[in-house]
$ cat data10.cif   # mmCIF, C-alpha atoms
data_protein
loop_
_atom_site.group_PDB
_atom_site.id
_atom_site.type_symbol
_atom_site.label_atom_id
_atom_site.label_comp_id
_atom_site.auth_asym_id
_atom_site.auth_seq_id
_atom_site.Cartn_x
_atom_site.Cartn_y
_atom_site.Cartn_z
ATOM 1 C CA MET A 1 93.801 83.385 87.119
ATOM 2 C CA ALA A 2 95.599 86.699 86.606
ATOM 3 C CA HIS A 3 95.939 89.169 89.489
ATOM 4 C CA ILE A 4 96.559 92.875 89.795
ATOM 5 C CA ALA A 5 99.333 93.880 92.192
ATOM 6 C CA ILE A 6 99.277 97.391 93.612
ATOM 7 C CA THR A 7 102.356 98.773 95.352
ATOM 8 C CA LEU A 8 102.182 101.494 98.000
ATOM 9 C CA THR A 9 104.674 103.157 100.349
ATOM 10 C CA CYS A 10 103.351 103.799 103.851
ATOM 11 C CA THR A 11 104.217 103.650 107.550
ATOM 12 C CA ASP A 12 104.083 100.355 109.465
ATOM 13 C CA GLU A 13 101.014 101.489 111.444
ATOM 14 C CA LEU A 14 99.167 102.549 108.285
ATOM 15 C CA LYS A 15 100.229 99.326 106.584
ATOM 16 C CA ASP A 16 98.169 97.271 109.040
ATOM 17 C CA ILE A 17 95.115 99.468 108.513
ATOM 18 C CA LEU A 18 95.490 99.229 104.729
ATOM 19 C CA VAL A 19 95.614 95.438 104.878
ATOM 20 C CA ALA A 20 92.270 95.453 106.699
ATOM 21 C CA VAL A 21 90.471 97.884 104.392
ATOM 22 C CA LEU A 22 91.918 96.405 101.195
ATOM 23 C CA ALA A 23 90.875 92.911 102.318
ATOM 24 C CA GLU A 24 87.301 94.200 102.574
ATOM 25 C CA LYS A 25 87.590 95.379 98.945
ATOM 26 C CA GLY A 26 88.583 91.925 97.694
ATOM 27 C CA PHE A 27 92.372 92.037 97.959
ATOM 28 C CA GLU A 28 93.446 88.591 99.120
ATOM 29 C CA GLY A 29 97.231 88.545 99.266
ATOM 30 C CA PHE A 30 99.646 90.957 100.935
ATOM 31 C CA GLU A 31 103.418 91.203 100.850
ATOM 32 C CA GLU A 32 105.542 93.490 103.007
ATOM 33 C CA GLN A 33 108.843 94.581 101.497
ATOM 34 C CA PRO A 34 111.747 96.655 102.891
ATOM 35 C CA GLY A 35 111.370 100.420 102.770
ATOM 36 C CA ASN A 36 107.791 100.547 104.122
ATOM 37 C CA ILE A 37 106.429 99.022 100.943
ATOM 38 C CA LEU A 38 103.167 97.081 100.822
ATOM 39 C CA VAL A 39 102.124 95.034 97.799
ATOM 40 C CA ALA A 40 98.470 93.939 97.663
ATOM 41 C CA TYR A 41 97.028 91.408 95.208
ATOM 42 C CA ILE A 42 93.503 91.054 93.861
ATOM 43 C CA PRO A 43 92.031 88.888 91.071
ATOM 44 C CA ALA A 44 92.141 90.961 87.893
ATOM 45 C CA GLU A 45 88.425 90.453 87.318
ATOM 46 C CA ASP A 46 87.655 91.961 90.744
ATOM 47 C CA PHE A 47 89.903 95.016 90.460
ATOM 48 C CA ASN A 48 88.032 98.321 90.430
ATOM 49 C CA GLU A 49 90.492 101.069 89.659
ATOM 50 C CA ALA A 50 88.143 103.937 90.545
ATOM 51 C CA ASP A 51 87.375 102.431 93.983
ATOM 52 C CA THR A 52 91.055 101.777 94.619
ATOM 53 C CA ASN A 53 91.978 105.332 93.639
ATOM 54 C CA GLU A 54 89.364 106.718 96.019
ATOM 55 C CA LEU A 55 90.433 104.440 98.872
ATOM 56 C CA THR A 56 94.160 105.191 98.610
ATOM 57 C CA ALA A 57 93.569 108.917 98.095
ATOM 58 C CA GLY A 58 91.673 108.921 101.386
ATOM 59 C CA PHE A 59 94.956 107.994 103.073
ATOM 60 C CA GLY A 60 96.937 110.522 101.026
ATOM 61 C CA LEU A 61 98.633 107.722 99.062
ATOM 62 C CA THR A 62 99.273 106.869 95.450
ATOM 63 C CA TYR A 63 100.132 103.453 94.032
ATOM 64 C CA THR A 64 101.519 101.697 91.004
ATOM 65 C CA GLN A 65 99.844 98.647 89.526
ATOM 66 C CA GLU A 66 101.027 95.577 87.653
ATOM 67 C CA ARG A 67 99.308 92.568 86.133
ATOM 68 C CA ILE A 68 100.626 89.270 87.522
ATOM 69 C CA GLU A 69 99.922 86.064 85.623
ATOM 70 C CA GLN A 70 99.241 82.948 87.682
ATOM 71 C CA THR A 71 102.263 81.173 86.217
ATOM 72 C CA ASN A 72 104.551 83.736 87.834
ATOM 73 C CA TRP A 73 103.056 83.557 91.323
ATOM 74 C CA ASN A 74 105.124 80.785 92.887
ATOM 75 C CA ALA A 75 108.382 82.497 91.985
ATOM 76 C CA VAL A 76 107.163 85.751 93.522
ATOM 77 C CA TRP A 77 106.329 84.116 96.844
ATOM 78 C CA GLU A 78 109.355 81.825 96.970
ATOM 79 C CA SER A 79 111.637 84.834 96.726
ATOM 80 C CA ASN A 80 109.960 86.583 99.685
ATOM 81 C CA PHE A 81 108.499 83.920 101.965
ATOM 82 C CA GLN A 82 110.556 83.419 105.126
ATOM 83 C CA PRO A 83 110.075 80.821 107.886
ATOM 84 C CA VAL A 84 108.010 81.881 110.902
ATOM 85 C CA GLN A 85 108.267 80.499 114.424
ATOM 86 C CA VAL A 86 105.793 81.092 117.254
ATOM 87 C CA ASP A 87 107.891 80.484 120.380
ATOM 88 C CA ASP A 88 108.918 76.817 120.582
ATOM 89 C CA PHE A 89 105.323 75.840 119.841
ATOM 90 C CA CYS A 90 104.849 76.090 116.073
ATOM 91 C CA GLY A 91 107.126 76.625 113.096
ATOM 92 C CA ILE A 92 105.863 77.450 109.609
ATOM 93 C CA ARG A 93 108.071 77.044 106.549
ATOM 94 C CA ALA A 94 108.012 76.188 102.864
ATOM 95 C CA SER A 95 109.460 73.017 101.349
ATOM 96 C CA PHE A 96 112.479 74.944 100.061
ATOM 97 C CA HIS A 97 113.482 76.026 103.605
ATOM 98 C CA GLU A 98 115.739 74.041 105.902
ATOM 99 C CA PRO A 99 113.968 72.317 108.830
ATOM 100 C CA PHE A 100 113.873 74.229 112.112
ATOM 101 C CA ASP A 101 116.718 73.597 114.531
ATOM 102 C CA PRO A 102 115.758 72.954 117.245
ATOM 103 C CA GLN A 103 112.438 71.538 116.154
ATOM 104 C CA PRO A 104 109.296 73.224 117.554
ATOM 105 C CA GLN A 105 106.485 71.099 118.931
ATOM 106 C CA HIS A 106 104.629 71.401 115.616
ATOM 107 C CA GLU A 107 106.006 72.119 112.163
ATOM 108 C CA ILE A 108 103.728 73.118 109.291
ATOM 109 C CA MET A 109 104.795 73.068 105.654
ATOM 110 C CA ILE A 110 103.048 75.713 103.560
ATOM 111 C CA THR A 111 103.164 76.133 99.799
ATOM 112 C CA PRO A 112 103.361 79.926 99.459
ATOM 113 C CA LYS A 113 100.630 81.047 97.096
ATOM 114 C CA MET A 114 97.984 83.752 96.990
ATOM 115 C CA SER A 115 96.049 82.571 100.040
ATOM 116 C CA PHE A 116 96.217 84.694 103.189
ATOM 117 C CA GLY A 117 97.772 83.110 106.247
ATOM 118 C CA THR A 118 101.468 82.328 106.303
ATOM 119 C CA GLY A 119 101.900 83.199 109.965
ATOM 120 C CA HIS A 120 103.730 86.420 109.175
ATOM 121 C CA HIS A 121 100.789 88.702 109.811
ATOM 122 C CA ALA A 122 100.021 89.636 113.421
ATOM 123 C CA THR A 123 96.504 88.168 113.170
ATOM 124 C CA THR A 124 97.585 84.633 112.249
ATOM 125 C CA TYR A 125 100.529 84.739 114.645
ATOM 126 C CA SER A 126 98.299 85.709 117.572
ATOM 127 C CA VAL A 127 95.675 83.036 116.874
ATOM 128 C CA ILE A 128 98.431 80.435 116.899
ATOM 129 C CA LYS A 129 99.578 81.826 120.264
ATOM 130 C CA LEU A 130 96.044 81.405 121.639
ATOM 131 C CA MET A 131 95.780 77.873 120.239
ATOM 132 C CA GLN A 132 98.874 76.909 122.201
ATOM 133 C CA ASP A 133 96.900 76.851 125.477
ATOM 134 C CA ILE A 134 93.889 74.878 124.210
ATOM 135 C CA ASP A 135 93.522 71.104 124.457
ATOM 136 C CA PHE A 136 92.434 70.042 120.977
ATOM 137 C CA ARG A 137 92.620 66.304 121.601
ATOM 138 C CA GLY A 138 89.443 64.635 120.347
ATOM 139 C CA LYS A 139 87.793 67.989 119.676
ATOM 140 C CA GLN A 140 85.612 69.002 116.729
ATOM 141 C CA VAL A 141 86.943 72.154 115.055
ATOM 142 C CA PHE A 142 85.607 74.512 112.391
ATOM 143 C CA ASP A 143 87.889 76.962 110.547
ATOM 144 C CA PHE A 144 85.908 79.837 108.992
ATOM 145 C CA GLY A 145 87.942 81.515 106.224
ATOM 146 C CA THR A 146 90.793 79.025 106.225
ATOM 147 C CA GLY A 147 93.151 80.831 103.799
ATOM 148 C CA THR A 148 96.174 78.528 103.486
ATOM 149 C CA GLY A 149 94.727 76.071 105.994
ATOM 150 C CA ILE A 150 97.392 76.809 108.633
ATOM 151 C CA LEU A 151 95.016 76.930 111.607
ATOM 152 C CA ALA A 152 93.055 73.850 110.544
ATOM 153 C CA ILE A 153 96.271 71.902 109.978
ATOM 154 C CA LEU A 154 97.631 72.985 113.365
ATOM 155 C CA ALA A 155 94.394 71.861 115.069
ATOM 156 C CA CYS A 156 94.843 68.487 113.371
ATOM 157 C CA LYS A 157 98.448 68.203 114.556
ATOM 158 C CA MET A 158 97.253 69.047 118.083
ATOM 159 C CA GLY A 159 94.903 66.069 118.076
ATOM 160 C CA ALA A 160 91.502 67.337 116.888
ATOM 161 C CA SER A 161 89.358 64.466 115.610
ATOM 162 C CA VAL A 162 87.132 66.448 113.228
ATOM 163 C CA ILE A 163 88.359 69.537 111.386
ATOM 164 C CA ASP A 164 86.082 71.229 108.850
ATOM 165 C CA ALA A 165 87.208 74.328 106.951
ATOM 166 C CA ILE A 166 85.685 76.677 104.387
ATOM 167 C CA ASP A 167 86.813 79.655 102.353
ATOM 168 C CA ILE A 168 85.039 81.912 99.885
ATOM 169 C CA ASP A 169 87.987 81.775 97.473
ATOM 170 C CA GLU A 170 88.487 78.757 95.201
ATOM 171 C CA TRP A 171 92.216 79.508 95.091
ATOM 172 C CA SER A 172 92.429 79.234 98.894
ATOM 173 C CA VAL A 173 90.526 75.947 98.917
ATOM 174 C CA GLU A 174 92.877 74.412 96.366
ATOM 175 C CA ASN A 175 95.920 75.754 98.228
ATOM 176 C CA THR A 176 94.594 74.337 101.507
ATOM 177 C CA LYS A 177 94.114 70.916 99.902
ATOM 178 C CA GLU A 178 97.753 70.979 98.788
ATOM 179 C CA ASN A 179 98.879 71.966 102.276
ATOM 180 C CA ILE A 180 96.717 69.256 103.877
ATOM 181 C CA ALA A 181 98.501 66.660 101.744
ATOM 182 C CA SER A 182 101.957 68.138 102.454
ATOM 183 C CA ASN A 183 101.345 67.947 106.196
ATOM 184 C CA ASN A 184 99.551 64.579 106.194
ATOM 185 C CA ALA A 185 96.617 66.353 107.859
ATOM 186 C CA LEU A 186 94.058 64.104 106.205
ATOM 187 C CA PRO A 187 91.275 64.601 108.809
ATOM 188 C CA VAL A 188 90.954 68.213 107.591
ATOM 189 C CA LYS A 189 88.014 68.589 105.190
ATOM 190 C CA VAL A 190 87.820 71.818 103.177
ATOM 191 C CA TRP A 191 85.295 73.182 100.714
ATOM 192 C CA GLN A 192 84.286 76.462 99.095
ATOM 193 C CA ALA A 193 81.441 78.422 100.719
ATOM 194 C CA ASP A 194 80.546 82.060 101.325
ATOM 195 C CA SER A 195 78.422 81.663 104.469
ATOM 196 C CA LEU A 196 77.684 79.392 107.419
ATOM 197 C CA LYS A 197 73.981 78.869 106.722
ATOM 198 C CA ASN A 198 74.430 75.279 105.505
ATOM 199 C CA ILE A 199 76.739 74.214 108.338
ATOM 200 C CA ARG A 200 74.689 72.077 110.726
ATOM 201 C CA ASN A 201 77.307 70.292 112.830
ATOM 202 C CA SER A 202 78.307 71.392 116.318
ATOM 203 C CA TYR A 203 81.915 72.159 117.251
ATOM 204 C CA ASN A 204 84.053 72.526 120.350
ATOM 205 C CA VAL A 205 86.242 75.179 118.730
ATOM 206 C CA VAL A 206 85.533 77.680 115.948
ATOM 207 C CA LEU A 207 88.444 79.591 114.401
ATOM 208 C CA ALA A 208 87.792 82.813 112.467
ATOM 209 C CA ASN A 209 90.730 84.937 111.308
ATOM 210 C CA ILE A 210 88.918 87.166 108.816
ATOM 211 C CA ASN A 211 87.959 90.834 109.199
ATOM 212 C CA ARG A 212 85.675 93.031 111.296
ATOM 213 C CA ASN A 213 82.712 93.159 108.927
ATOM 214 C CA ILE A 214 82.565 89.407 108.350
ATOM 215 C CA LEU A 215 82.976 88.677 112.059
ATOM 216 C CA LEU A 216 80.086 90.990 112.908
ATOM 217 C CA GLU A 217 77.888 89.625 110.127
ATOM 218 C CA PHE A 218 78.368 86.005 111.181
ATOM 219 C CA MET A 219 78.644 86.313 114.969
ATOM 220 C CA ALA A 220 75.252 84.663 115.515
ATOM 221 C CA ASP A 221 76.084 81.794 113.162
ATOM 222 C CA MET A 222 79.464 81.200 114.787
ATOM 223 C CA ARG A 223 77.751 81.005 118.184
ATOM 224 C CA ARG A 224 75.191 78.596 116.735
ATOM 225 C CA LEU A 225 77.979 76.230 115.675
ATOM 226 C CA LEU A 226 79.467 76.065 119.178
ATOM 227 C CA VAL A 227 78.530 73.620 121.904
ATOM 228 C CA ARG A 228 78.026 75.077 125.392
ATOM 229 C CA ASP A 229 81.411 76.160 126.813
ATOM 230 C CA GLY A 230 82.830 75.914 123.304
ATOM 231 C CA ILE A 231 85.680 78.211 122.297
ATOM 232 C CA LEU A 232 85.589 80.915 119.621
ATOM 233 C CA LEU A 233 88.953 82.315 118.498
ATOM 234 C CA LEU A 234 88.594 85.576 116.576
ATOM 235 C CA SER A 235 91.218 87.675 114.817
ATOM 236 C CA GLY A 236 91.509 90.174 111.979
ATOM 237 C CA ILE A 237 90.364 92.849 114.436
ATOM 238 C CA LEU A 238 91.948 96.278 114.647
ATOM 239 C CA LYS A 239 92.245 97.801 118.120
ATOM 240 C CA GLU A 240 89.660 100.472 117.284
ATOM 241 C CA ASP A 241 87.089 97.755 116.474
ATOM 242 C CA GLU A 242 87.381 96.084 119.888
ATOM 243 C CA THR A 243 84.207 97.625 121.342
ATOM 244 C CA ALA A 244 82.018 96.669 118.365
ATOM 245 C CA ILE A 245 83.258 93.062 118.357
ATOM 246 C CA LEU A 246 82.837 92.597 122.099
ATOM 247 C CA GLU A 247 79.340 94.103 122.064
ATOM 248 C CA ALA A 248 78.284 91.734 119.264
ATOM 249 C CA ALA A 249 79.816 88.832 121.176
ATOM 250 C CA ARG A 250 77.944 89.813 124.357
ATOM 251 C CA GLN A 251 74.637 89.869 122.484
ATOM 252 C CA HIS A 252 75.206 86.231 121.527
ATOM 253 C CA ALA A 253 76.306 84.954 124.952
ATOM 254 C CA LEU A 254 79.994 84.894 124.103
ATOM 255 C CA VAL A 255 82.285 85.903 126.969
ATOM 256 C CA LEU A 256 85.831 87.183 126.522
ATOM 257 C CA GLU A 257 88.408 85.060 128.350
ATOM 258 C CA THR A 258 91.743 86.105 126.813
ATOM 259 C CA GLN A 259 92.911 88.791 124.397
ATOM 260 C CA LEU A 260 96.248 89.381 122.672
ATOM 261 C CA GLU A 261 97.438 92.526 120.885
ATOM 262 C CA LYS A 262 100.202 92.688 118.287
ATOM 263 C CA ASN A 263 100.911 95.655 115.993
ATOM 264 C CA ASN A 264 97.475 97.185 116.698
ATOM 265 C CA TRP A 265 95.724 93.888 115.815
ATOM 266 C CA LEU A 266 93.667 91.905 118.338
ATOM 267 C CA ALA A 267 93.039 88.193 118.741
ATOM 268 C CA MET A 268 90.320 87.081 121.156
ATOM 269 C CA LYS A 269 89.397 83.862 122.915
ATOM 270 C CA LEU A 270 85.690 83.801 123.785
ATOM 271 C CA LEU A 271 83.620 81.161 125.558
ATOM 272 C CA ALA A 272 80.074 80.176 124.600
ATOM 273 C CA ARG A 273 77.672 80.458 127.560
#
$ encode --input "data10.cif" --output "structure tokens"
Amino acid sequence: MAHIAITLTCTDELKDILVAVLAEKGFEGFEEQPGNILVAYIPAEDFNEADTNELTAGFGLTYTQERIEQTNWNAVWESNFQPVQVDDFCGIRASFHEPFDPQPQHEIMITPKMSFGTGHHATTYSVIKLMQDIDFRGKQVFDFGTGTGILAILACKMGASVIDAIDIDEWSVENTKENIASNNALPVKVWQADSLKNIRNSYNVVLANINRNILLEFMADMRRLLVRDGILLLSGILKEDETAILEAARQHALVLETQLEKNNWLAMKLLAR
């Protein structure tokens, strides 16, 4: 599948906002480069130039665009993907990186492709931080919008017995399957889906690192999946969306326990009551 890459120059604060709004328009990969440069990727068939022009003009920005063939994608990511470490808890690297020294408690090997979720972005980083204080042993876990599968794989490494994961994007599902194999995280089951309506199992933990609109749309379904006193970890939330998310959570008997903020992005741990 070919993709369109758009390149913009913007401030760090605006960069985070752009990632959120572009993700809602179908952009599914983001790369930060030196010099306040953001590159965003979208399947060529989904690219709407008029909508993109209107969106970027609203921020006073212009962009350049380039068509990227799928065969070139690995080389693009391999040249830019750097290892990430979340304290001494979790390290994320690609196969072409040297192992961490000293070794963190958990090491995840990720093949860097189009899927969102390499640990670099504040949203993924903060969810991993929240996962650090949860006992996953023997738990049933659902990962909504799995991206590269990082969070599902980490739950597996932390001892979860059942880990189900979905993503709307076929590319992400295939990438997650590769990463499951690379990390010997065989209990993780992943499939393509665009909603939660057909999910009937109950879970101790639901992970959702997506975006504001999707979180609000599926808040009731996420609560339905949780057992009483189950844990919902949410991210992909800008600071200005905090009130809307917490109000929706309250309406569905979800109570905020812990919240982290990084680069104007929030990650929340909520309990099902």
$ residues_near_point --input "data10.cif" --point "(99.3, 90.6, 114.8)" --cutoff "9 Å" --atoms "all atoms listed in the file" --output "PDB file with C-alpha atoms, in the frame of the given file"
ATOM      1  CA  ASP A  16      98.169  97.271 109.040  1.00  0.00           C
ATOM      2  CA  HIS A 120     103.730  86.420 109.175  1.00  0.00           C
ATOM      3  CA  HIS A 121     100.789  88.702 109.811  1.00  0.00           C
ATOM      4  CA  ALA A 122     100.021  89.636 113.421  1.00  0.00           C
ATOM      5  CA  THR A 123      96.504  88.168 113.170  1.00  0.00           C
ATOM      6  CA  THR A 124      97.585  84.633 112.249  1.00  0.00           C
ATOM      7  CA  TYR A 125     100.529  84.739 114.645  1.00  0.00           C
ATOM      8  CA  SER A 126      98.299  85.709 117.572  1.00  0.00           C
ATOM      9  CA  VAL A 127      95.675  83.036 116.874  1.00  0.00           C
ATOM     10  CA  SER A 235      91.218  87.675 114.817  1.00  0.00           C
ATOM     11  CA  GLY A 236      91.509  90.174 111.979  1.00  0.00           C
ATOM     12  CA  LEU A 260      96.248  89.381 122.672  1.00  0.00           C
ATOM     13  CA  GLU A 261      97.438  92.526 120.885  1.00  0.00           C
ATOM     14  CA  LYS A 262     100.202  92.688 118.287  1.00  0.00           C
ATOM     15  CA  ASN A 263     100.911  95.655 115.993  1.00  0.00           C
ATOM     16  CA  ASN A 264      97.475  97.185 116.698  1.00  0.00           C
ATOM     17  CA  TRP A 265      95.724  93.888 115.815  1.00  0.00           C
ATOM     18  CA  LEU A 266      93.667  91.905 118.338  1.00  0.00           C
ATOM     19  CA  ALA A 267      93.039  88.193 118.741  1.00  0.00           C
TER      20      ALA A 267
END
$ resolve_selection --input "data10.cif" --expression "the PyMOL selection byres ((chain A and resi 157) around 12)" --output "MDAnalysis selection string"
chainID A and resid 89:90 105:109 131:132 135:139 150:156 158:163 180 183:188
$ resolve_selection --input "data10.cif" --expression "the PyMOL selection byres ((chain A and resi 28) around 12)" --output "JSON, numbers by chain"
{"A": [3, 4, 5, 6, 19, 20, 21, 22, 23, 24, 25, 26, 27, 29, 30, 31, 39, 40, 41, 42, 43, 44, 46, 47, 113, 114, 115, 116, 117, 145, 147, 148, 167, 168, 169, 170, 171, 172, 210, 211]}
$ atom_distance --input "data10.cif" --atom1 "atom CA of A:Leu270" --atom2 "atom CA of A:Phe144"
15.3 Å
$ resolve_selection --input "data10.cif" --expression "the PyMOL selection byres ((chain A and resi 220-231) around 10)" --output "PyMOL selection string"
chain A and resi 134+140-142+144+195-197+199-208+215-219+232-234+248-249+251-257+269-273
$ residues_near_point --input "data10.cif" --point "(94.4, 71.3, 98.2)" --cutoff "10 Å" --atoms "all atoms listed in the file" --output "list in words"
Thr148, Gly149, Glu170, Trp171, Ser172, Val173, Glu174, Asn175, Thr176, Lys177, Glu178, Asn179, Ile180, Ala181, Ser182, Lys189, Val190 and Trp191 of chain A
$ atom_distance --input "data10.cif" --atom1 "atom CA of A:Glu66" --atom2 "atom CA of A:Thr146"
26.9 Å
$ atom_distance --input "data10.cif" --atom1 "atom CA of A:Leu238" --atom2 "atom CA of A:Arg212"
7.8 Å
$ decode --input "data10.cif" --residues "stretch 242-251 of chain A" --atoms "all heavy atoms" --output "compact mmCIF listing (two decimals), in the first residue's frame"
# COMPACT_ATOMS: atom_id res chain seq x y z
N GLU A 242 -9.57 17.02 29.00
CA GLU A 242 -9.67 16.31 30.28
C GLU A 242 -11.10 16.31 30.81
O GLU A 242 -11.63 15.27 31.21
CB GLU A 242 -8.73 16.95 31.29
CG GLU A 242 -8.81 16.35 32.68
CD GLU A 242 -7.87 17.05 33.66
OE1 GLU A 242 -7.27 18.09 33.29
OE2 GLU A 242 -7.76 16.56 34.79
N THR A 243 -11.75 17.48 30.82
CA THR A 243 -13.09 17.58 31.39
C THR A 243 -14.08 16.69 30.66
O THR A 243 -14.89 15.99 31.28
CB THR A 243 -13.57 19.05 31.36
OG1 THR A 243 -12.67 19.85 32.11
CG2 THR A 243 -14.97 19.17 31.95
N ALA A 244 -14.04 16.70 29.32
CA ALA A 244 -14.98 15.90 28.54
C ALA A 244 -14.78 14.41 28.79
O ALA A 244 -15.77 13.65 28.93
CB ALA A 244 -14.81 16.21 27.05
N ILE A 245 -13.54 13.96 28.87
CA ILE A 245 -13.26 12.54 29.11
C ILE A 245 -13.73 12.13 30.50
O ILE A 245 -14.38 11.09 30.68
CB ILE A 245 -11.77 12.25 28.93
CG1 ILE A 245 -11.33 12.46 27.47
CG2 ILE A 245 -11.44 10.83 29.39
CD1 ILE A 245 -11.92 11.49 26.49
N LEU A 246 -13.43 12.93 31.50
CA LEU A 246 -13.80 12.58 32.87
C LEU A 246 -15.31 12.60 33.07
O LEU A 246 -15.86 11.78 33.82
CB LEU A 246 -13.11 13.51 33.86
CG LEU A 246 -11.60 13.30 34.01
CD1 LEU A 246 -11.02 14.30 34.99
CD2 LEU A 246 -11.29 11.87 34.46
N GLU A 247 -16.00 13.51 32.40
CA GLU A 247 -17.46 13.55 32.51
C GLU A 247 -18.07 12.29 31.88
O GLU A 247 -19.00 11.69 32.44
CB GLU A 247 -18.01 14.80 31.84
CG GLU A 247 -19.54 14.88 31.80
CD GLU A 247 -20.21 14.81 33.16
OE1 GLU A 247 -19.55 15.13 34.19
OE2 GLU A 247 -21.38 14.42 33.22
N ALA A 248 -17.55 11.89 30.71
CA ALA A 248 -18.05 10.67 30.07
C ALA A 248 -17.76 9.45 30.95
O ALA A 248 -18.59 8.55 31.08
CB ALA A 248 -17.40 10.51 28.70
N ALA A 249 -16.58 9.43 31.55
CA ALA A 249 -16.23 8.32 32.44
C ALA A 249 -17.18 8.26 33.63
O ALA A 249 -17.67 7.19 34.02
CB ALA A 249 -14.78 8.49 32.91
N ARG A 250 -17.47 9.43 34.23
CA ARG A 250 -18.37 9.48 35.39
C ARG A 250 -19.75 8.93 35.05
O ARG A 250 -20.36 8.21 35.85
CB ARG A 250 -18.49 10.93 35.87
CG ARG A 250 -19.31 11.09 37.14
CD ARG A 250 -19.64 12.53 37.41
NE ARG A 250 -20.49 13.10 36.37
CZ ARG A 250 -21.80 12.88 36.28
NH1 ARG A 250 -22.42 12.11 37.17
NH2 ARG A 250 -22.51 13.44 35.31
N GLN A 251 -20.23 9.25 33.85
CA GLN A 251 -21.56 8.79 33.44
C GLN A 251 -21.63 7.28 33.33
O GLN A 251 -22.72 6.70 33.35
CB GLN A 251 -21.93 9.44 32.10
CG GLN A 251 -22.18 10.93 32.19
CD GLN A 251 -22.47 11.55 30.83
OE1 GLN A 251 -22.67 10.84 29.84
NE2 GLN A 251 -22.48 12.87 30.77
